[in-house]
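Chemist: Supplied in structure tokens, the structure appears directly below.
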Amino acid sequence: MRVERVEVRRLTLPLRHPFETSFARTTEKYFLLLSVSAEGVTGYGEAVADDEPYYLPETNATVFHVLRDFLVPLLFTLDLDHPRALLPAFSRIRGHEMAKAALEMAVWDLHARLMGAPLARVLGGAKPTIESGVSIGLQPSTAALLENVAREVAAGYRRIKIKIKPGVDRAPTAAVRGRFPHVPLMVDANSAYALADVALFQDLDRERLMMVEQPLAWDDIVDHAALQRQIKTAVCLDESIRSVDDARRALDLGSCRIINIKPGRVGGFAASLAIHDLCRARAVPVWCGGMLESGIGRLANVHLQALPGFTLPGDTAASARYFEEDLVDPPVTVSPEGTITVPAGPGLGHEIVWARVEKATRYKEEFRRN
Ligand code: OSB
Ligand code: MG
């Protein structure tokens, strides 16, 4: 396969509700959408970077730069037997996993469409449905948090995640646990704490959490290992895992007992499959995180979760929780039992609504093979 054309668009999509974490409050989603074409067919990929480097170092501007100046010119030199060949071909470019992922995932979608197969099948997944969890941002009050949790539990979500930050941790977690004694519950700190806060996490051991996600620094696996030794609750790493080697080192060190795989964070689908296989071989559960993606990135996450190692509910929630009008039709929906159907059509499997993409596009650039 020789990719002939790449288009990069910068989109703005308003969020229905602001989403607040320990690092930012997001009211509008700013992201890059990639189209890659070969043999008259086009595949799509969404980058998970934000405008600011608050979650991880990459931004929409660095993703655009690395695509335009390095990844796309490199792609135009390749004749690919399979999208698996891209991750090793990109290895000379250090870091920039979000940029690599957006392009790599678009090529996987293109490959699946050329095969006439759903992306899940091409990735090796066979589950017809996946289990959906929900991530609830920091709320203005504990009352508002409880109201949100109640709504999502009633909607059927199989697991509730709440965001915490210093000073907003013990009390909201205890309140949710008190009101919902049996709900599968976890917290995500997005790197807001230090090892000196170990007493907080020992206190949270009382709340019967499924896990605590990324409590310590984004680039650390040593302090996480020290923390994991001192608490009962499983540590799950998100920001700290950006490759299969990161995952192996973290597991060898005992830095976590669960891994959050976001294909857009780890360099794409091939890296996600490698992390999935490594964890499966070591009986470490994995689940798929989210980055408030539009339906395009969301469906990519849905397909990945058809793999057997995704034994815990992911952060892939319904389109309607995020956007008035998603970019795909039908939108992603969650059943009253908290499941999402893996699409059966070719590639991502839902139509892209081009009128909405055009309306959301602020800028675009096109690149062609010479
Ligand atoms: O840490 O998982 C995270 C959203 C933006 C950036 C980082 C994270 C999140 C979420 C929301 O938790 C996941 C989602 O609903 O897409
Ligand atoms: Mg997280």
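Residue names in the structure tokens use chain letters A, B, ... in the order shown, residue numbers from 1 in each chain, and ligand numbers from 1 in the order shown.
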Would you mind listing the residues within 10 Å of ligand 1, counting only C-alpha atoms and all ligand atoms, as a VMD selection string?
Modeler: chain A and resid 19 to 26 29 48 to 50 54 to 56 133 to 137 161 to 163 187 to 191 213 to 214 237 to 239 260 to 262 288 to 294 297 to 298 301 314 to 319 321 to 322
Chemist: Region 182-305 of chain A: which residues are strand (DSSP E or B) by DSSP, as an MDAnalysis selection string?
Modeler: chainID A and resid 185:188 212:213 235:237 258:261 286:288
Chemist: Need the shell around Glu58 (chain A): protein/DNA/RNA residues with any atom at most 8 Å away, counting only C-alpha atoms. Skip same-chain ones fewer than 5 positions apart. Format as a PyMOL selection string?
Modeler: chain A and resi 49-50+52-53+63+96+98
Chemist: Give the helix (DSSP H, G or I) residues of region 191-313 of chain A, as DSSP finds them on the backbone, and put them as a ChimeraX atom specification.
Modeler: /A:195-207,222-230,244-253,263-266,269-281,295-304
Chemist: Would you save the residues from that selection as a PDB file, in the first residue's frame, using C-alpha atoms?
Modeler:
```
ATOM      1  CA  LEU A 195       5.276  10.198  47.111  1.00  0.00           C
ATOM      2  CA  ALA A 196       5.084  12.285  50.315  1.00  0.00           C
ATOM      3  CA  ASP A 197       1.269  11.973  49.984  1.00  0.00           C
ATOM      4  CA  VAL A 198       1.379   8.223  50.667  1.00  0.00           C
ATOM      5  CA  ALA A 199      -0.877   8.661  53.733  1.00  0.00           C
ATOM      6  CA  LEU A 200      -3.693   9.920  51.515  1.00  0.00           C
ATOM      7  CA  PHE A 201      -3.545   6.787  49.387  1.00  0.00           C
ATOM      8  CA  GLN A 202      -3.390   4.591  52.490  1.00  0.00           C
ATOM      9  CA  ASP A 203      -6.596   6.323  53.635  1.00  0.00           C
ATOM     10  CA  LEU A 204      -8.194   5.691  50.227  1.00  0.00           C
ATOM     11  CA  ASP A 205      -7.489   1.961  50.724  1.00  0.00           C
ATOM     12  CA  ARG A 206     -10.605   1.994  52.927  1.00  0.00           C
ATOM     13  CA  GLU A 207     -12.889   2.938  50.007  1.00  0.00           C
ATOM     14  CA  VAL A 222      10.165   4.659  40.401  1.00  0.00           C
ATOM     15  CA  ASP A 223       8.074   6.576  42.948  1.00  0.00           C
ATOM     16  CA  HIS A 224       4.962   4.768  41.695  1.00  0.00           C
ATOM     17  CA  ALA A 225       6.678   1.468  42.585  1.00  0.00           C
ATOM     18  CA  ALA A 226       7.413   2.782  46.079  1.00  0.00           C
ATOM     19  CA  LEU A 227       3.784   3.903  46.455  1.00  0.00           C
ATOM     20  CA  GLN A 228       2.394   0.586  45.159  1.00  0.00           C
ATOM     21  CA  ARG A 229       4.449  -1.263  47.814  1.00  0.00           C
ATOM     22  CA  GLN A 230       2.841   0.844  50.564  1.00  0.00           C
ATOM     23  CA  VAL A 244       5.445  -1.261  25.268  1.00  0.00           C
ATOM     24  CA  ASP A 245       8.902  -0.784  26.793  1.00  0.00           C
ATOM     25  CA  ASP A 246       7.462   1.657  29.331  1.00  0.00           C
ATOM     26  CA  ALA A 247       4.843  -0.985  30.183  1.00  0.00           C
ATOM     27  CA  ARG A 248       7.404  -3.765  30.588  1.00  0.00           C
ATOM     28  CA  ARG A 249       9.638  -1.634  32.791  1.00  0.00           C
ATOM     29  CA  ALA A 250       6.717  -0.502  34.947  1.00  0.00           C
ATOM     30  CA  LEU A 251       5.522  -4.090  35.443  1.00  0.00           C
ATOM     31  CA  ASP A 252       9.060  -5.333  36.163  1.00  0.00           C
ATOM     32  CA  LEU A 253       9.477  -2.580  38.764  1.00  0.00           C
ATOM     33  CA  PRO A 263      -3.881   4.116  21.521  1.00  0.00           C
ATOM     34  CA  GLY A 264      -3.537   7.838  20.818  1.00  0.00           C
ATOM     35  CA  ARG A 265      -1.047   8.189  23.710  1.00  0.00           C
ATOM     36  CA  VAL A 266       1.187   5.149  23.078  1.00  0.00           C
ATOM     37  CA  PHE A 269      -2.619   0.475  17.430  1.00  0.00           C
ATOM     38  CA  ALA A 270       0.550  -1.610  16.991  1.00  0.00           C
ATOM     39  CA  ALA A 271       1.928  -0.314  20.295  1.00  0.00           C
ATOM     40  CA  SER A 272      -1.484  -0.873  21.928  1.00  0.00           C
ATOM     41  CA  LEU A 273      -1.537  -4.486  20.711  1.00  0.00           C
ATOM     42  CA  ALA A 274       2.000  -5.031  22.029  1.00  0.00           C
ATOM     43  CA  ILE A 275       1.050  -3.644  25.468  1.00  0.00           C
ATOM     44  CA  HIS A 276      -2.155  -5.710  25.426  1.00  0.00           C
ATOM     45  CA  ASP A 277      -0.219  -8.905  24.609  1.00  0.00           C
ATOM     46  CA  LEU A 278       2.467  -8.233  27.224  1.00  0.00           C
ATOM     47  CA  CYS A 279      -0.135  -7.597  29.928  1.00  0.00           C
ATOM     48  CA  ARG A 280      -2.196 -10.625  28.919  1.00  0.00           C
ATOM     49  CA  ALA A 281       0.872 -12.865  29.166  1.00  0.00           C
ATOM     50  CA  GLY A 295     -16.765   9.963  17.392  1.00  0.00           C
ATOM     51  CA  ILE A 296     -13.809   9.253  15.101  1.00  0.00           C
ATOM     52  CA  GLY A 297     -11.275   8.718  17.895  1.00  0.00           C
ATOM     53  CA  ARG A 298     -14.001   7.210  20.067  1.00  0.00           C
ATOM     54  CA  LEU A 299     -14.814   4.504  17.509  1.00  0.00           C
ATOM     55  CA  ALA A 300     -11.105   3.684  17.180  1.00  0.00           C
ATOM     56  CA  ASN A 301     -11.108   3.053  20.951  1.00  0.00           C
ATOM     57  CA  VAL A 302     -14.270   0.923  20.669  1.00  0.00           C
ATOM     58  CA  HIS A 303     -12.678  -1.371  18.068  1.00  0.00           C
ATOM     59  CA  LEU A 304      -9.499  -1.832  20.125  1.00  0.00           C
TER      60      LEU A 304
END
```
Chemist: Smallest atom-to-atom distance to ligand 2: which of A:Leu80, A:Ile259, A:Val3, A:Ala101, using only C-alpha atoms and all ligand atoms?
Modeler: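 Using only C-alpha atoms and all ligand atoms, ligand 2 sits closest to A:Ile259.
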Chemist: Write out as an NGL selection string each polymer residue whose atoms come within 6 Å of Leu11 (chain A), counting only C-alpha atoms; drop sequence neighbours fewer than 6 positions from it.
Modeler: :A and (30-31 or 360-362)
Chemist: Go ahead and save the picked residues with all heavy atoms, as a compact mmCIF listing (two decimals), in the first residue's frame.
Modeler:
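Once written, result_23.txt looks like this:
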```
# COMPACT_ATOMS: atom_id res chain seq x y z
N TYR A 30 -10.30 21.01 21.06
CA TYR A 30 -9.48 21.44 19.91
C TYR A 30 -8.63 20.26 19.51
O TYR A 30 -7.85 19.77 20.33
CB TYR A 30 -8.56 22.59 20.30
CG TYR A 30 -9.27 23.84 20.76
CD1 TYR A 30 -9.46 24.10 22.12
CD2 TYR A 30 -9.76 24.75 19.83
CE1 TYR A 30 -10.11 25.24 22.54
CE2 TYR A 30 -10.41 25.90 20.25
CZ TYR A 30 -10.59 26.14 21.61
OH TYR A 30 -11.24 27.26 22.02
N PHE A 31 -8.75 19.80 18.27
CA PHE A 31 -7.99 18.60 17.90
C PHE A 31 -7.72 18.54 16.40
O PHE A 31 -8.31 19.29 15.61
CB PHE A 31 -8.72 17.33 18.36
CG PHE A 31 -10.05 17.11 17.71
CD1 PHE A 31 -10.20 16.18 16.68
CD2 PHE A 31 -11.17 17.82 18.11
CE1 PHE A 31 -11.43 15.97 16.07
CE2 PHE A 31 -12.41 17.63 17.50
CZ PHE A 31 -12.54 16.70 16.49
N ALA A 360 -16.76 22.47 11.68
CA ALA A 360 -15.84 22.50 12.82
C ALA A 360 -14.40 22.81 12.40
O ALA A 360 -13.54 23.06 13.25
CB ALA A 360 -15.89 21.16 13.56
N THR A 361 -14.12 22.79 11.08
CA THR A 361 -12.74 22.97 10.60
C THR A 361 -12.33 24.44 10.64
O THR A 361 -13.04 25.31 10.12
CB THR A 361 -12.60 22.43 9.16
OG1 THR A 361 -12.93 21.03 9.16
CG2 THR A 361 -11.17 22.62 8.64
N ARG A 362 -11.17 24.71 11.29
CA ARG A 362 -10.64 26.07 11.33
C ARG A 362 -9.51 26.27 10.34
O ARG A 362 -9.17 27.39 9.97
CB ARG A 362 -10.13 26.38 12.75
CG ARG A 362 -11.20 26.31 13.83
CD ARG A 362 -12.19 27.48 13.71
NE ARG A 362 -13.34 27.28 14.60
CZ ARG A 362 -14.46 26.66 14.23
NH1 ARG A 362 -14.60 26.20 12.98
NH2 ARG A 362 -15.45 26.48 15.08
```
Chemist: Do you know which residues are at most 10 Å from region 182-184 of chain A counting only C-alpha atoms, after dropping those on the same chain fewer than 6 positions away, and could you put them as a PyMOL selection string?
Modeler: chain A and resi 133+149+153+157-161+176+208-211+313
Chemist: Which polymer residues have any atom within 10 Å of an atom of Phe76 (chain A), counting only C-alpha atoms, with same-chain residues fewer than 6 positions away left out, as a ChimeraX atom specification?
Modeler: /A:2-6,367-370
Chemist: Rank nothing, just name the residue among A:Pro73, A:Pro215, A:Pro331, A:Gly45 nearest to ligand 2, using only C-alpha atoms and all ligand atoms.
Modeler: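 Of all the options, A:Pro215 lies closest to ligand 2.
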Chemist: Name the residues in contact with Ser35 (chain A) at a cut-off of 9 Å, using only C-alpha atoms, excluding same-chain residues fewer than 4 positions from it; report them as a list in words.
Modeler: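 In the requested format, the answer is Arg5, Val6, Glu7, Val8, Arg9, Thr42, Gly43, Tyr44, Gly45, Leu103, Ala106, Val107 and Leu110 of chain A.
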Chemist: Which is closer to Leu348 (chain A) than all the others in A:Pro330, A:Pro88, A:Pro140, A:Pro181, using only C-alpha atoms?
Modeler: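 Looking at the shortest contact to Leu348 (chain A), the residue is A:Pro330.
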Chemist: Counting only C-alpha atoms, which of A:Gly156, A:Gly254, A:Gly116, A:Gly95 gets nearest to Glu131 (chain A)?
Modeler: A:Gly156
Chemist: CA of Trp218 (chain A) to CA of Ser240 (chain A): how many Å, to one decimal?
Modeler: 5.0 Å
Chemist: My list of candidates is A:Arg121, A:Val212, A:Val41, A:Ala154. Which is closest to ligand 2 when distances are computed with only C-alpha atoms and all ligand atoms?
Modeler: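 Comparing A:Arg121, A:Val212, A:Val41, A:Ala154 against ligand 2, the winner is A:Val212.
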Chemist: Have a look at A:Gly40, A:Gly309, A:Pro172, A:Pro14 and name the one nearest to Leu138 (chain A); count only C-alpha atoms.
Modeler: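 Ranking A:Gly40, A:Gly309, A:Pro172, A:Pro14 by distance to Leu138 (chain A), first place goes to A:Pro172.
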Chemist: Between CA of Ala89 (chain A) and CA of Ala112 (chain A), what distance in Å does the model show, to one decimal?
Modeler: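 So the two atoms, CA of Ala89 (chain A) and CA of Ala112 (chain A), lie 19.8 Å apart.
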